[in-house]
>>> print(open('start.cif').read())   # mmCIF, C-alpha atoms and all ligand atoms
data_target
#
loop_
_atom_site.label_atom_id
_atom_site.label_comp_id
_atom_site.auth_asym_id
_atom_site.auth_seq_id
_atom_site.Cartn_x
_atom_site.Cartn_y
_atom_site.Cartn_z
CA MET L 113 18.23 -14.64 -11.97
CA SER L 114 17.44 -11.18 -10.54
CA VAL L 115 16.99 -10.88 -6.81
CA GLY L 116 13.51 -10.07 -5.65
CA VAL L 117 9.91 -10.99 -6.12
CA ARG L 118 7.95 -10.88 -9.36
CA VAL L 119 4.64 -9.33 -8.31
CA ALA L 120 1.32 -9.06 -10.13
CA VAL L 121 -1.65 -7.02 -8.87
CA VAL L 122 -5.11 -7.82 -10.23
CA GLY L 123 -7.59 -4.95 -9.81
CA ALA L 124 -4.72 -2.47 -9.78
CA SER L 125 -6.92 0.45 -10.90
CA GLY L 126 -9.28 0.11 -7.93
CA VAL L 127 -8.91 1.68 -4.48
CA VAL L 128 -7.41 -1.45 -2.90
CA GLY L 129 -5.18 -2.30 -5.87
CA ARG L 130 -3.76 1.23 -6.02
CA MET L 131 -3.13 1.10 -2.28
CA MET L 132 -1.32 -2.23 -2.71
CA VAL L 133 1.05 -0.68 -5.22
CA ARG L 134 1.64 2.27 -2.91
CA ILE L 135 2.28 0.07 0.13
CA LEU L 136 4.69 -2.22 -1.76
CA GLU L 137 6.71 0.94 -2.44
CA GLU L 138 6.31 2.44 1.05
CA ARG L 139 7.49 -0.75 2.75
CA HIS L 140 10.36 -1.33 0.31
CA PHE L 141 9.01 -4.76 -0.60
CA PRO L 142 11.71 -6.31 -2.82
CA VAL L 143 9.84 -6.12 -6.14
CA ALA L 144 11.88 -7.41 -9.10
CA ASP L 145 9.07 -6.97 -11.60
CA LEU L 146 5.57 -5.49 -11.31
CA LYS L 147 2.63 -6.34 -13.57
CA LEU L 148 -0.72 -4.60 -13.14
CA TYR L 149 -4.09 -5.90 -14.34
CA ALA L 150 -7.71 -4.73 -14.44
CA THR L 151 -10.56 -4.97 -16.94
CA ALA L 152 -10.62 -3.48 -20.45
CA ARG L 153 -12.16 -0.35 -18.84
CA SER L 154 -8.85 0.61 -17.21
CA ALA L 155 -6.35 -1.10 -19.49
CA GLY L 156 -3.75 1.48 -20.55
CA THR L 157 -3.98 3.48 -17.30
CA ALA L 158 -0.56 4.42 -15.90
CA ILE L 159 -0.01 3.81 -12.19
CA PRO L 160 3.11 5.23 -10.53
CA PHE L 161 5.52 2.84 -8.83
CA LYS L 162 8.84 4.21 -7.61
CA ASP L 163 10.21 6.29 -10.46
CA ALA L 164 8.25 4.54 -13.19
CA GLN L 165 4.72 4.48 -14.57
CA VAL L 166 3.40 0.93 -14.88
CA ILE L 167 0.71 0.42 -17.52
CA VAL L 168 -2.36 -1.57 -16.53
CA GLU L 169 -3.11 -4.56 -18.78
CA GLU L 170 -6.42 -6.31 -19.37
CA THR L 171 -6.66 -9.39 -17.13
CA GLY L 172 -8.69 -11.65 -19.43
CA GLU L 173 -7.50 -15.21 -18.87
CA ALA L 174 -4.07 -14.04 -17.71
CA VAL L 175 -1.46 -16.68 -16.97
CA PHE L 176 0.70 -15.10 -14.28
CA ASP L 177 4.44 -15.49 -14.48
CA ALA L 178 4.79 -14.19 -10.92
CA ASP L 179 5.95 -15.29 -7.48
CA LEU L 180 3.22 -13.28 -5.79
CA VAL L 181 -0.21 -12.38 -7.18
CA LEU L 182 -2.20 -9.89 -5.12
CA PHE L 183 -5.88 -10.15 -6.03
CA ALA L 184 -8.05 -7.03 -5.61
CA GLY L 185 -10.21 -7.51 -8.69
CA GLY L 186 -13.38 -8.85 -7.05
CA ASP L 187 -14.93 -12.30 -6.80
CA ASP L 188 -15.02 -13.18 -10.50
CA ALA L 189 -11.28 -12.65 -11.08
CA SER L 190 -10.34 -14.48 -7.87
CA ARG L 191 -12.63 -17.43 -8.56
CA ARG L 192 -11.24 -17.88 -12.09
CA LEU L 193 -7.58 -17.13 -11.57
CA ALA L 194 -6.32 -17.57 -7.99
CA TRP L 195 -5.63 -21.31 -8.03
CA GLY L 196 -4.06 -21.08 -11.50
CA ALA L 197 -1.55 -18.57 -10.12
CA ALA L 198 -0.75 -21.02 -7.31
CA GLU L 199 -0.44 -23.98 -9.67
CA ARG L 200 2.23 -22.09 -11.62
CA GLY L 201 4.33 -21.90 -8.44
CA GLY L 202 3.29 -18.47 -7.21
CA VAL L 203 1.35 -17.50 -4.11
CA ALA L 204 -2.04 -15.81 -4.46
CA ILE L 205 -3.16 -13.45 -1.70
CA ASP L 206 -6.81 -12.81 -2.29
CA ASN L 207 -8.82 -9.81 -1.09
CA SER L 208 -12.16 -11.06 -2.35
CA SER L 209 -14.50 -13.13 -0.19
CA THR L 210 -14.41 -16.09 -2.61
CA TRP L 211 -12.00 -18.39 -0.76
CA ARG L 212 -12.10 -17.03 2.79
CA LEU L 213 -14.09 -19.86 4.33
CA ASP L 214 -12.57 -22.63 2.18
CA PRO L 215 -10.89 -25.11 4.55
CA ARG L 216 -7.83 -25.31 2.23
CA VAL L 217 -7.26 -21.57 2.51
CA PRO L 218 -5.75 -19.84 5.55
CA LEU L 219 -7.57 -16.61 6.44
CA VAL L 220 -4.89 -14.49 8.02
CA VAL L 221 -4.17 -11.36 9.98
CA PRO L 222 -0.46 -11.82 10.75
CA GLU L 223 -0.61 -10.31 14.28
CA VAL L 224 -3.54 -12.59 15.16
CA ASN L 225 -3.03 -15.96 13.48
CA GLY L 226 0.15 -15.68 11.42
CA ALA L 227 0.98 -19.31 12.27
CA ALA L 228 -1.86 -20.37 9.92
CA LEU L 229 0.41 -19.35 7.02
CA GLN L 230 2.55 -22.43 7.62
CA ARG L 231 -0.06 -24.67 6.00
CA HIS L 232 -0.91 -22.63 2.93
CA GLN L 233 -1.40 -24.44 -0.37
CA GLY L 234 -0.76 -21.48 -2.64
CA VAL L 235 -3.90 -19.42 -1.97
CA ILE L 236 -4.20 -17.24 1.13
CA ALA L 237 -7.24 -15.12 1.94
CA ASN L 238 -7.22 -11.58 3.27
CA PRO L 239 -10.22 -11.05 5.57
CA ASN L 240 -13.10 -8.62 5.27
CA CYS L 241 -11.98 -5.10 6.24
CA CYS L 242 -14.13 -4.98 9.41
CA ALA L 243 -13.15 -8.52 10.39
CA VAL L 244 -9.47 -7.46 10.33
CA ALA L 245 -10.07 -4.54 12.72
CA LEU L 246 -12.33 -6.66 14.90
CA VAL L 247 -9.91 -9.54 15.45
CA MET L 248 -7.01 -7.12 16.01
CA ALA L 249 -8.96 -5.70 18.98
CA LEU L 250 -10.50 -8.96 20.21
CA LYS L 251 -7.47 -11.27 20.12
CA PRO L 252 -5.46 -9.62 22.97
CA LEU L 253 -8.58 -9.44 25.15
CA HIS L 254 -9.55 -13.03 24.36
CA ASP L 255 -6.05 -14.24 25.24
CA ALA L 256 -6.13 -12.27 28.51
CA VAL L 257 -9.56 -13.07 29.94
CA GLY L 258 -11.66 -14.91 27.34
CA ILE L 259 -14.52 -13.41 25.33
CA ARG L 260 -17.86 -15.19 25.58
CA ARG L 261 -20.04 -12.90 23.48
CA CYS L 262 -19.42 -9.92 21.21
CA HIS L 263 -22.01 -7.48 19.84
CA VAL L 264 -20.72 -5.27 17.05
CA ALA L 265 -22.23 -2.25 15.29
CA THR L 266 -20.30 -0.94 12.31
CA TYR L 267 -20.15 2.52 10.75
CA GLN L 268 -18.42 1.80 7.46
CA SER L 269 -16.99 4.29 4.98
CA VAL L 270 -17.99 4.28 1.32
CA SER L 271 -14.50 3.32 0.12
CA GLY L 272 -15.30 -0.13 1.50
CA GLY L 273 -17.52 -0.47 -1.57
CA GLY L 274 -14.81 0.69 -4.00
CA LEU L 275 -13.90 3.73 -6.04
CA ASP L 276 -17.35 4.11 -7.64
CA ASN L 277 -18.97 4.40 -4.19
CA MET L 278 -16.55 7.17 -3.23
CA ARG L 279 -17.43 9.03 -6.43
CA ALA L 280 -21.17 8.50 -5.71
CA LEU L 281 -20.89 10.00 -2.21
CA LEU L 282 -19.13 13.08 -3.55
CA ALA L 283 -21.67 13.49 -6.38
CA GLN L 284 -24.64 13.03 -4.02
CA SER L 285 -23.20 15.50 -1.51
CA ARG L 286 -22.68 18.09 -4.24
CA SER L 287 -26.19 17.71 -5.64
CA LEU L 288 -27.79 17.78 -2.17
CA LEU L 289 -26.00 21.00 -1.32
CA GLU L 290 -27.35 22.57 -4.51
CA VAL L 291 -30.98 22.05 -3.34
CA PRO L 292 -32.08 25.55 -2.20
CA ASP L 293 -33.92 24.57 0.98
CA ALA L 294 -31.42 21.89 2.11
CA LEU L 295 -30.08 24.03 4.95
CA GLU L 296 -33.60 24.71 6.26
CA GLY L 297 -34.30 20.98 6.55
CA GLY L 298 -36.82 21.26 3.71
CA ASP L 299 -38.53 18.21 2.34
CA LEU L 300 -35.79 15.68 3.04
CA GLN L 301 -37.26 12.93 0.88
CA ARG L 302 -37.44 15.30 -2.09
CA ILE L 303 -33.91 16.49 -1.39
CA ALA L 304 -32.72 12.89 -1.30
CA GLY L 305 -34.46 12.26 -4.63
CA ALA L 306 -32.49 15.14 -6.12
CA ALA L 307 -29.33 13.22 -5.35
CA GLY L 308 -30.41 10.66 -7.92
CA ALA L 309 -30.37 7.72 -5.50
CA GLU L 310 -33.37 6.05 -3.93
CA VAL L 311 -31.63 5.82 -0.55
CA PRO L 312 -28.55 8.04 -0.76
CA VAL L 313 -25.60 7.54 1.52
CA ALA L 314 -24.82 11.28 1.61
CA PHE L 315 -26.14 12.81 4.87
CA ASN L 316 -27.58 9.43 5.73
CA VAL L 317 -26.86 6.12 7.51
CA ARG L 318 -28.00 2.96 5.78
CA PRO L 319 -27.19 -0.69 5.15
CA GLN L 320 -25.64 -1.00 1.67
CA TRP L 321 -25.00 -4.68 1.00
CA ARG L 322 -26.78 -7.63 -0.57
CA TRP L 323 -29.32 -9.34 1.70
CA GLU L 324 -29.02 -13.00 2.64
CA ALA L 325 -32.10 -15.23 2.62
CA ASN L 326 -32.19 -15.12 6.46
CA GLY L 327 -32.44 -11.30 6.51
CA ASP L 328 -28.81 -10.60 7.43
CA THR L 329 -26.64 -8.47 5.18
CA GLU L 330 -23.91 -10.33 3.31
CA GLU L 331 -21.41 -8.15 5.19
CA GLU L 332 -22.76 -9.20 8.60
CA ALA L 333 -22.53 -12.88 7.66
CA LYS L 334 -18.93 -12.44 6.44
CA ILE L 335 -17.73 -10.61 9.56
CA GLU L 336 -19.31 -13.17 11.90
CA ALA L 337 -18.02 -16.27 10.10
CA GLU L 338 -14.53 -14.87 9.42
CA THR L 339 -14.09 -13.73 13.03
CA ARG L 340 -14.92 -17.20 14.27
CA LYS L 341 -12.53 -18.80 11.74
CA MET L 342 -9.62 -16.58 12.81
CA LEU L 343 -10.28 -16.14 16.53
CA ASP L 344 -12.28 -18.96 18.07
CA ALA L 345 -15.29 -20.87 16.77
CA ASP L 346 -16.86 -20.74 20.27
CA VAL L 347 -17.00 -16.96 20.56
CA ARG L 348 -20.55 -15.79 19.82
CA VAL L 349 -20.52 -12.77 17.51
CA THR L 350 -23.48 -10.67 16.32
CA VAL L 351 -22.93 -7.83 13.87
CA THR L 352 -25.08 -5.02 12.47
CA THR L 353 -23.46 -3.25 9.53
CA MET L 354 -24.21 0.30 8.40
CA ARG L 355 -22.73 2.55 5.73
CA VAL L 356 -22.01 6.16 6.74
CA PRO L 357 -21.04 9.17 4.63
CA VAL L 358 -17.33 8.92 5.38
CA LEU L 359 -14.77 8.49 2.58
CA VAL L 360 -12.15 6.29 4.30
CA GLY L 361 -12.02 4.52 7.66
CA HIS L 362 -14.36 2.06 9.31
CA THR L 363 -15.64 2.42 12.89
CA LEU L 364 -16.85 -0.46 15.07
CA ALA L 365 -18.62 -0.17 18.43
CA LEU L 366 -18.13 -3.35 20.48
CA HIS L 367 -19.99 -4.64 23.52
CA LEU L 368 -18.24 -7.65 25.05
CA GLU L 369 -19.26 -10.23 27.60
CA LEU L 370 -16.00 -11.48 29.13
CA GLU L 371 -15.36 -14.76 30.91
CA ARG L 372 -13.31 -13.10 33.65
CA PRO L 373 -13.36 -9.47 34.82
CA LEU L 374 -11.15 -6.86 33.15
CA ASP L 375 -11.51 -3.22 34.13
CA PRO L 376 -10.86 -0.41 31.59
CA PRO L 377 -7.31 0.43 32.83
CA ALA L 378 -6.32 -3.25 32.56
CA ALA L 379 -7.95 -3.49 29.12
CA ARG L 380 -6.01 -0.39 28.02
CA SER L 381 -2.75 -1.97 29.06
CA VAL L 382 -3.57 -5.32 27.36
CA LEU L 383 -4.51 -3.55 24.12
CA GLY L 384 -1.62 -1.10 24.37
CA ALA L 385 0.82 -4.02 24.33
CA ALA L 386 -0.73 -5.63 21.24
CA PRO L 387 1.24 -5.25 17.97
CA GLY L 388 -0.51 -3.09 15.40
CA VAL L 389 -2.99 -1.69 17.96
CA GLU L 390 -2.83 1.86 19.30
CA VAL L 391 -4.89 2.95 22.30
CA VAL L 392 -6.27 6.50 21.96
CA ASP L 393 -8.41 7.01 25.00
CA ASP L 394 -8.58 10.47 26.50
CA PRO L 395 -12.14 11.60 25.78
CA ALA L 396 -11.90 14.69 28.02
CA GLY L 397 -8.81 15.74 26.05
CA GLY L 398 -10.64 15.12 22.75
CA ARG L 399 -8.62 11.99 21.92
CA PHE L 400 -10.57 8.96 20.79
CA PRO L 401 -10.65 6.81 17.65
CA THR L 402 -12.23 8.37 14.57
CA PRO L 403 -12.10 7.36 10.90
CA LEU L 404 -10.29 10.61 10.11
CA LEU L 405 -7.59 9.73 12.66
CA ALA L 406 -7.23 6.26 11.12
CA ALA L 407 -7.32 7.26 7.44
CA GLY L 408 -3.88 7.00 5.84
CA ARG L 409 -2.36 5.35 8.92
CA ASP L 410 -1.48 1.75 9.70
CA PRO L 411 -2.59 1.09 13.31
CA VAL L 412 -5.95 -0.15 14.43
CA TYR L 413 -7.05 2.55 16.91
CA VAL L 414 -8.93 1.54 20.05
CA GLY L 415 -10.54 3.80 22.66
CA LEU L 416 -13.65 4.83 24.58
CA ILE L 417 -12.90 1.73 26.68
CA ARG L 418 -15.57 1.66 29.37
CA PRO L 419 -17.47 -0.92 31.39
CA ASP L 420 -20.64 -2.41 29.92
CA ARG L 421 -22.65 -2.29 33.12
CA ALA L 422 -25.46 -4.46 31.74
CA GLU L 423 -23.13 -7.51 31.97
CA ALA L 424 -21.42 -9.11 34.98
CA HIS L 425 -18.07 -8.84 33.18
CA GLY L 426 -18.89 -6.39 30.42
CA LEU L 427 -16.64 -4.08 28.43
CA ARG L 428 -17.39 -1.68 25.57
CA LEU L 429 -14.96 0.01 23.23
CA VAL L 430 -14.69 1.73 19.86
CA VAL L 431 -12.31 0.63 17.10
CA CYS L 432 -11.30 2.57 13.95
CA SER L 433 -9.02 1.52 11.15
CA ASP L 434 -8.22 2.45 7.58
CA ASN L 435 -10.17 -0.13 5.57
CA LEU L 436 -7.92 0.30 2.55
CA ARG L 437 -4.67 -0.14 4.50
CA LYS L 438 -4.93 -2.58 7.44
CA GLY L 439 -8.38 -3.65 6.25
CA ALA L 440 -7.03 -4.71 2.85
CA ALA L 441 -3.75 -3.72 1.15
CA LEU L 442 -1.45 -3.43 4.17
CA ASN L 443 -2.59 -6.74 5.61
CA ALA L 444 -2.00 -8.45 2.24
CA VAL L 445 1.53 -7.03 1.97
CA GLN L 446 2.25 -8.01 5.59
CA ILE L 447 1.23 -11.59 4.72
CA ALA L 448 3.66 -11.49 1.78
CA GLU L 449 6.40 -10.15 4.06
CA HIS L 450 5.83 -13.03 6.49
CA LEU L 451 6.04 -15.57 3.67
CA LEU L 452 9.18 -13.97 2.32
CA ALA L 453 10.85 -13.96 5.75
CA ALA L 454 9.95 -17.64 6.16
CA GLY L 455 11.27 -18.50 2.67
CA ARG L 456 7.78 -19.58 1.61
CA LEU L 457 7.06 -17.47 -1.44
CA SER L 458 8.55 -19.54 -4.25
CA ALA L 459 11.61 -21.56 -5.15
CA ARG L 460 12.95 -18.59 -7.12
CA THR L 461 12.63 -16.11 -4.23
CA ARG L 462 13.96 -18.67 -1.77
CA ALA L 463 17.06 -18.89 -3.93
CA ALA L 464 17.34 -15.11 -3.91
CA MET L 465 17.20 -14.82 -0.12
CA PRO L 466 20.38 -14.29 1.83
N1 LIG L 501 -12.48 -1.38 -0.45
C1 LIG L 501 -12.19 -2.01 0.68
O1 LIG L 501 -12.13 -1.42 1.77
C2 LIG L 501 -11.91 -3.49 0.66
C3 LIG L 501 -11.47 -4.10 1.82
C4 LIG L 501 -11.23 -5.48 1.83
C5 LIG L 501 -11.42 -6.19 0.67
N2 LIG L 501 -11.86 -5.58 -0.45
C6 LIG L 501 -12.03 -6.38 -1.67
O2 LIG L 501 -11.04 -5.97 -2.60
C7 LIG L 501 -11.53 -6.13 -3.93
C8 LIG L 501 -11.38 -4.81 -4.68
O3 LIG L 501 -12.19 -3.84 -4.04
P1 LIG L 501 -12.06 -2.29 -4.33
O4 LIG L 501 -12.73 -1.63 -3.18
O5 LIG L 501 -10.68 -1.92 -4.69
O6 LIG L 501 -13.00 -2.11 -5.62
P2 LIG L 501 -12.90 -1.06 -6.83
O7 LIG L 501 -12.35 0.25 -6.38
O8 LIG L 501 -14.25 -1.08 -7.44
O9 LIG L 501 -11.85 -1.73 -7.81
C9 LIG L 501 -12.12 -2.95 -8.46
C10 LIG L 501 -10.93 -3.32 -9.29
O10 LIG L 501 -11.12 -4.65 -9.82
C11 LIG L 501 -11.02 -4.60 -11.24
N3 LIG L 501 -11.88 -5.65 -11.76
C12 LIG L 501 -13.22 -5.74 -11.69
N4 LIG L 501 -13.65 -6.89 -12.28
C13 LIG L 501 -12.53 -7.53 -12.71
C14 LIG L 501 -12.31 -8.75 -13.42
N5 LIG L 501 -13.31 -9.55 -13.77
N6 LIG L 501 -11.03 -9.09 -13.71
C15 LIG L 501 -9.99 -8.29 -13.35
N7 LIG L 501 -10.15 -7.12 -12.68
C16 LIG L 501 -11.41 -6.75 -12.38
C17 LIG L 501 -11.44 -3.18 -11.60
O11 LIG L 501 -10.95 -2.85 -12.88
P3 LIG L 501 -11.57 -1.65 -13.76
O12 LIG L 501 -10.99 -0.36 -13.23
O13 LIG L 501 -11.04 -1.96 -15.11
O14 LIG L 501 -13.05 -1.72 -13.64
C18 LIG L 501 -10.73 -2.41 -10.50
O15 LIG L 501 -9.35 -2.33 -10.77
C19 LIG L 501 -12.96 -6.65 -3.79
O16 LIG L 501 -12.97 -8.04 -3.86
C20 LIG L 501 -13.35 -6.19 -2.39
O17 LIG L 501 -14.36 -7.00 -1.83
C21 LIG L 501 -12.11 -4.23 -0.50
#
>>> encode(input="start.cif", output="structure tokens")
Amino acid sequence: MSVGVRVAVVGASGVVGRMMVRILEERHFPVADLKLYATARSAGTAIPFKDAQVIVEETGEAVFDADLVLFAGGDDASRRLAWGAAERGGVAIDNSSTWRLDPRVPLVVPEVNGAALQRHQGVIANPNCCAVALVMALKPLHDAVGIRRCHVATYQSVSGGGLDNMRALLAQSRSLLEVPDALEGGDLQRIAGAAGAEVPVAFNVRPQWRWEANGDTEEEAKIEAETRKMLDADVRVTVTTMRVPVLVGHTLALHLELERPLDPPAARSVLGAAPGVEVVDDPAGGRFPTPLLAAGRDPVYVGLIRPDRAEAHGLRLVVCSDNLRKGAALNAVQIAEHLLAAGRLSARTRAAMP
């Protein structure tokens, strides 16, 4: 028996799957064997891991011979295959939204509710990318003074919608810049039409998710429900989600109604002590959270911490994080690291542990 974890990544050719492979390597996760899966479209693609190139296989009805299966292949793959991976003795960590609200499935950000991992039944859900950043910022404040109400506005990058959305932003930007009168303002609707999209995201701000029957976006509903599941069912959360022409990194503007007062310096010190959170709050010196600061980095950045003077105990702040790292791949690998440290990945890896 070789020491280490047999890992499979489903959706390995996508932005999250590729980031998972990279983070497994970066964090020296003890991988004994790595299998990569996607659809027929990407089967045969080579993805680098350490000194090797791992060839992507078609997922189909794959039966995983793995201790750990990281799912980043969307809802269909997770719905069909996650519990099968668990039944074969592995642990499935799922990035899709399929199982997040299932009562059997812990929904986990290790710094926030890592204890929920103790009762996993083989499938663990990784939260929505904005929900991860949100609970990372809210949890320390909630523990310190209690949060009664939270209003959130998001400014989400296109990579949140996958590789094809990133390509679309670049293509739209290029075609918009080729319109002769673009720099004069011109006829903006005609210019937008030239980008080949009815409501382009390039040079624009727009919602870009499916609509629920009640008029909310699917993304808003996910962030609200997942935040309550991880943080506290009694905290009232309202979210408005928007897509912005940014490649990587999500931004959230929060307005909080607190149960007890907390001034900005005290909030900075509470957040500064929280694991995985970095306070960047010197606006006069040009230091505040931005998606470009967060992109490619692990922390959830928090800043522009100011009073919300419309509330008796109000606080507002801005949060930025890399949606592909902490919002998805990094959080999933951190969950796996927690399970490994607790000897809860599989009988085989337990045997391999010192
Ligand atoms: N992007 C984010 O910031 C983010 C954050 C949190 C969670 N997530 C979730 O992570 C998952 C992946 O998102 P992404 O942004 O990486 O999307 P993406 O760039 O579009 O990649 C999707 C990946 O899934 C594969 N795939 C699609 N349908 C499949 C199927 N039926 N069986 C197996 N593989 C399949 C694709 O393979 P092909 O290349 O062959 O098409 C590709 O590898 C989604 O569930 C998404 O909701 C994304």
>>> residues_around(input="start.cif", residues="Asp410 (chain L)", least_positions_apart="3", cutoff="9 Å", atoms="all atoms listed in the file", output="list in words")
Gly388, Ala406, Ala407, Ser433, Asp434, Arg437, Lys438 and Leu442 of chain L
>>> residues_near_point(input="start.cif", point="(-22.0, -7.8, 5.4)", cutoff="9 Å", atoms="all atoms listed in the file", output="list in words")
Asn240, Pro319, Gln320, Trp321, Arg322, Trp323, Asp328, Thr329, Glu330, Glu331, Glu332, Ala333, Lys334, Ile335, Glu336, Val351, Thr352, Thr353 and Met354 of chain L
>>> closest_atom_pairs(input="start.cif", of="chain L", to="ligand LIG 501 (chain L)", cutoff="7 Å", atoms="only C-alpha atoms and all ligand atoms", output="Markdown table")
| residue | atom | partner | partner_atom | distance |
| --- | --- | --- | --- | --- |
| L:Val122 | CA | L:LIG501 | N7 | 5.6 |
| L:Gly123 | CA | L:LIG501 | O15 | 3.3 |
| L:Ala124 | CA | L:LIG501 | O15 | 4.7 |
| L:Ser125 | CA | L:LIG501 | O15 | 3.7 |
| L:Gly126 | CA | L:LIG501 | O9 | 3.2 |
| L:Val127 | CA | L:LIG501 | O5 | 4.0 |
| L:Val128 | CA | L:LIG501 | O5 | 3.8 |
| L:Gly129 | CA | L:LIG501 | O5 | 5.6 |
| L:Tyr149 | CA | L:LIG501 | N7 | 6.4 |
| L:Ala150 | CA | L:LIG501 | N7 | 3.8 |
| L:Thr151 | CA | L:LIG501 | O13 | 3.6 |
| L:Ala152 | CA | L:LIG501 | O13 | 5.6 |
| L:Arg153 | CA | L:LIG501 | O13 | 4.2 |
| L:Ser154 | CA | L:LIG501 | O13 | 4.0 |
| L:Ala155 | CA | L:LIG501 | O13 | 6.5 |
| L:Thr171 | CA | L:LIG501 | C15 | 5.2 |
| L:Gly172 | CA | L:LIG501 | N6 | 6.7 |
| L:Ala184 | CA | L:LIG501 | C7 | 4.0 |
| L:Gly185 | CA | L:LIG501 | O10 | 3.2 |
| L:Gly186 | CA | L:LIG501 | O16 | 3.3 |
| L:Asp187 | CA | L:LIG501 | O16 | 5.5 |
| L:Asp188 | CA | L:LIG501 | N5 | 5.2 |
| L:Ala189 | CA | L:LIG501 | N6 | 4.4 |
| L:Asn207 | CA | L:LIG501 | O2 | 4.7 |
| L:Ser208 | CA | L:LIG501 | O16 | 3.5 |
| L:Ser209 | CA | L:LIG501 | O17 | 6.3 |
| L:Pro239 | CA | L:LIG501 | C4 | 6.8 |
| L:Asn240 | CA | L:LIG501 | C4 | 5.0 |
| L:Cys241 | CA | L:LIG501 | C4 | 4.5 |
| L:Ser271 | CA | L:LIG501 | N1 | 5.1 |
| L:Gly272 | CA | L:LIG501 | O1 | 3.4 |
| L:Gly273 | CA | L:LIG501 | O4 | 5.2 |
| L:Gly274 | CA | L:LIG501 | O4 | 3.2 |
| L:Leu275 | CA | L:LIG501 | O7 | 3.8 |
| L:Asp276 | CA | L:LIG501 | O8 | 6.0 |
| L:Asn435 | CA | L:LIG501 | O1 | 4.5 |
| L:Leu436 | CA | L:LIG501 | O1 | 4.6 |
| L:Gly439 | CA | L:LIG501 | C3 | 5.4 |
| L:Ala440 | CA | L:LIG501 | C4 | 4.4 |
>>> closest_atom_pairs(input="start.cif", of="region 238-344 of chain L", to="region 372-381 of chain L", cutoff="10 Å", atoms="all atoms listed in the file", output="Markdown table")
| residue | atom | partner | partner_atom | distance |
| --- | --- | --- | --- | --- |
| L:Pro252 | CA | L:Ala379 | CA | 9.0 |
| L:Leu253 | CA | L:Ala379 | CA | 7.2 |
| L:Ala256 | CA | L:Leu374 | CA | 8.7 |
| L:Val257 | CA | L:Arg372 | CA | 5.3 |
| L:Gly258 | CA | L:Arg372 | CA | 6.8 |
| L:Ile259 | CA | L:Arg372 | CA | 8.4 |
| L:Arg260 | CA | L:Arg372 | CA | 9.5 |
>>> residues_around(input="start.cif", residues="Leu148 (chain L)", least_positions_apart="2", cutoff="6 Å", atoms="all atoms listed in the file", output="list of chain:residue names")
L:Ala120, L:Val121, L:Ala124, L:Val168
>>> residues_near_point(input="start.cif", point="(-19.4, -9.2, 30.6)", cutoff="6 Å", atoms="all atoms listed in the file", output="MDAnalysis selection string")
chainID L and resid 368:370 423:426
>>> atom_distance(input="start.cif", atom1="CA of Leu288 (chain L)", atom2="CA of Val270 (chain L)")
17.0 Å
>>> atom_distance(input="start.cif", atom1="CA of Ser285 (chain L)", atom2="CA of His362 (chain L)")
19.4 Å
>>> atom_distance(input="start.cif", atom1="CA of Arg192 (chain L)", atom2="CA of Thr210 (chain L)")
10.2 Å
>>> closest_residue(input="start.cif", among="L:Arg139, L:Arg216, L:Arg409, L:His263", to="Thr350 (chain L)", atoms="only C-alpha atoms")
L:His263
>>> closest_residue(input="start.cif", among="L:Val133, L:Leu229, L:Val220, L:Ala444", to="Ala158 (chain L)", atoms="only C-alpha atoms")
L:Val133
>>> residues_around(input="start.cif", residues="Leu219 (chain L)", least_positions_apart="6", cutoff="8 Å", atoms="all atoms listed in the file", output="PyMOL selection string")
chain L and resi 212-213+228+236-239+338+341-342
>>> closest_residue(input="start.cif", among="L:Leu146, L:Ala325, L:Val360, L:Ala441", to="Leu281 (chain L)", atoms="only C-alpha atoms")
L:Val360
>>> closest_residue(input="start.cif", among="L:Arg355, L:Arg118, L:Lys162, L:Arg130", to="Asp179 (chain L)", atoms="all atoms listed in the file")
L:Arg118
>>> build_atoms(input="start.cif", residues="region 342-349 of chain L", atoms="N, CA and C atoms", output="short mmCIF file (atom, residue, chain, number, x, y, z; two decimals), in the coordinates of the input")
data_model
loop_
_atom_site.label_atom_id
_atom_site.label_comp_id
_atom_site.auth_asym_id
_atom_site.auth_seq_id
_atom_site.Cartn_x
_atom_site.Cartn_y
_atom_site.Cartn_z
N MET L 342 -10.95 -17.05 12.41
CA MET L 342 -9.62 -16.58 12.81
C MET L 342 -9.40 -16.61 14.31
N LEU L 343 -10.47 -16.35 15.09
CA LEU L 343 -10.28 -16.14 16.53
C LEU L 343 -10.61 -17.39 17.32
N ASP L 344 -11.84 -17.85 17.23
CA ASP L 344 -12.28 -18.96 18.07
C ASP L 344 -13.72 -19.27 17.67
N ALA L 345 -13.95 -20.51 17.25
CA ALA L 345 -15.29 -20.87 16.77
C ALA L 345 -16.33 -20.78 17.88
N ASP L 346 -15.89 -20.76 19.15
CA ASP L 346 -16.86 -20.74 20.27
C ASP L 346 -17.29 -19.34 20.68
N VAL L 347 -16.60 -18.32 20.19
CA VAL L 347 -17.00 -16.96 20.56
C VAL L 347 -18.26 -16.61 19.77
N ARG L 348 -19.30 -16.15 20.50
CA ARG L 348 -20.55 -15.79 19.82
C ARG L 348 -20.47 -14.33 19.38
N VAL L 349 -20.69 -14.11 18.09
CA VAL L 349 -20.52 -12.77 17.51
C VAL L 349 -21.81 -12.39 16.77
#
